[in-house]
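*Asks:* Let me give you the structure first, and then I'll get to my questions.
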Amino acid sequence: HQGRTPPCTAAVAEAGISRVAVGHRDPSPEVGGRGLRRLRARGLRVEVGVLEEACRYQHRGFLSCLERGRPWVALKLASALDGRIATSRGESRWITGERSRARVHALRARADAIVVGSGTARMDDPELTARRNGRVVRRPIRVLVDSGLVVPAGRRLYRGRDAASTWVLTAPRAPAARRRQLEARGVRVLSTPRRGRHLDLARALGRLAREGLTSLFVEGGGGLAAALFREGLVDELHWFAAPALIGGDGRPAVAALSLPRLSSRIRFETWSVKRLGEDLYLHGLVARGGEESG
């Protein structure tokens, strides 16, 4: 099909290529395998499913939007070994080291948008840009989940020309005056239906997909992380753990999940563990379907 770029099948066939290795089929309805059939009709050998798992991961945002109607969600947590992200008074800078923070900025640069909750925006006042050696290298969309529009207008998310790259997910009955104030600065305010006392995050992510976002990098805090886990909306976890303890009165990386039984716990697969300076970096995908045996 003809999208923003023309189909590649004619160019491949005319280039004299005799064999094509395909990672996975394009599930788009407008494609429907026609490109593969066209190549085979031209006499090319076509092998489908080469390194399929790796290719599907590379295209995870596109596939998630197409197959599930929402962006791919990667969650970042940076904590002490006991899973605490801040002291009881909210002090959190810096728990992890420079190498971990540099990796976070590299991960930010790959995402369409960075997502934070209202508590993190108020406490940490983040800029949410991707930086390298102190220089901004990319400015992803910043998505703030703030059902009551309680984050003060003076926070860095709302300042200057960067305000236009901030989107706010809020409840339909959020204060109209605050909404007008933010929109006057160029902020996009997206009304999101509630589900009980909180925003309906599944519908919110569906809205973001329709707005063209395919991959989200969620940076907290613990309440937002727990809400996404409870709704089954986290796909990938990046956990940076510093060799330190904060204690039970510190703020947890993930708030209460209210699991009814141990078999309901959230499990991960395809794990990797690396050292980044003194920190541990754990990366894994959320396991889908089925219960752990044994």
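In the structure tokens, each chain is lettered A, B, ... as it comes, each chain's residues begin at 1, and ligands are numbered from 1 in order of appearance.
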Please provide as a count of residues only all residues within 10 Å of Val234 (chain A), with the sequence filter that same-chain residues fewer than 3 positions apart are discarded (counting only C-alpha atoms).
*Replies:* 16
*Asks:* How would you write, as a short mmCIF file (atom, residue, chain, number, x, y, z; two decimals) with C-alpha atoms, in the first residue's frame, the set of residues in region 129-194 of chain A that DSSP gives as helix (DSSP H, G or I)?
*Replies:*
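New file result05.cif:
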data_model
loop_
_atom_site.label_atom_id
_atom_site.label_comp_id
_atom_site.auth_asym_id
_atom_site.auth_seq_id
_atom_site.Cartn_x
_atom_site.Cartn_y
_atom_site.Cartn_z
CA ARG A 156 9.10 23.06 34.49
CA LEU A 157 6.67 20.95 32.46
CA TYR A 158 4.67 24.12 31.86
CA GLY A 160 8.41 28.47 28.11
CA ARG A 161 8.30 27.04 24.62
CA ASP A 162 8.56 23.47 25.93
CA ALA A 163 5.03 23.74 27.32
CA ALA A 164 3.72 22.86 23.86
CA SER A 165 5.28 19.40 24.20
CA ALA A 176 -12.05 24.76 33.96
CA ALA A 177 -10.03 27.84 34.90
CA ARG A 178 -6.87 25.76 35.37
CA ARG A 179 -7.49 24.05 32.06
CA ARG A 180 -7.82 27.37 30.23
CA GLN A 181 -4.65 28.64 31.92
CA LEU A 182 -2.65 25.64 30.71
CA GLU A 183 -4.08 25.68 27.21
CA ALA A 184 -3.15 29.37 26.92
#
*Asks:* Within 7 Å of region 66-71 of chain A, which residues of region 207-294 of chain A come that close, and what is the closest atom pair and distance in Å for each? Count only C-alpha atoms and give it as CSV.
*Replies:*
residue,atom,partner,partner_atom,distance
A:Ala209,CA,A:Arg70,CA,5.2
A:Leu213,CA,A:Pro71,CA,6.4
A:Thr214,CA,A:Pro71,CA,4.3
A:Ser215,CA,A:Pro71,CA,5.0
A:Leu216,CA,A:Pro71,CA,6.5
*Asks:* Restricting the output to C-alpha atoms, write the selected residues as an mmCIF file, in the first residue's frame.
*Replies:*
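File written: out32.cif
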data_model
loop_
_atom_site.group_PDB
_atom_site.id
_atom_site.type_symbol
_atom_site.label_atom_id
_atom_site.label_comp_id
_atom_site.auth_asym_id
_atom_site.auth_seq_id
_atom_site.Cartn_x
_atom_site.Cartn_y
_atom_site.Cartn_z
ATOM 1 C CA ALA A 209 -2.392 5.735 20.467
ATOM 2 C CA LEU A 213 2.102 7.801 20.217
ATOM 3 C CA THR A 214 3.379 4.218 19.963
ATOM 4 C CA SER A 215 5.828 3.896 22.881
ATOM 5 C CA LEU A 216 5.638 5.329 26.400
#
*Asks:* Let me make sure I understand: among A:Phe240, A:Ile114, A:Trp167, A:Gly119, which one has the smallest atom-to-atom distance to Glu211 (chain A) if we use only C-alpha atoms?
*Replies:*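 Of A:Phe240, A:Ile114, A:Trp167, A:Gly119, the one nearest Glu211 (chain A), counting only C-alpha atoms, is A:Trp167.
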*Asks:* Please list as an NGL selection string every residue within 12 Å of Ala204 (chain A), counting only C-alpha atoms and excluding residues in the same chain fewer than 2 positions away.
*Replies:* :A and (69-71 or 115 or 143-147 or 167-171 or 189-195 or 198-202 or 206-211 or 213 or 228 or 231 or 233)
*Asks:* For Glu219 (chain A), which residue out of A:Arg19, A:Arg45, A:Arg37, A:Arg142 is the nearest one, using only C-alpha atoms?
*Replies:*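 Smallest distance to Glu219 (chain A) is found for A:Arg142.
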*Asks:* Please identify the strand (DSSP E or B) residues within region 25-121 of chain A (assignment by DSSP from backbone atoms) and present them as number ranges by chain.
*Replies:* A: 45-48, 72-80, 84-86, 113-117
*Asks:* Looking at A:Ala86, A:Leu107, A:Leu39, A:Ile246, which one is nearest to Val22 (chain A), with distances taken over only C-alpha atoms?
*Replies:* A:Leu39
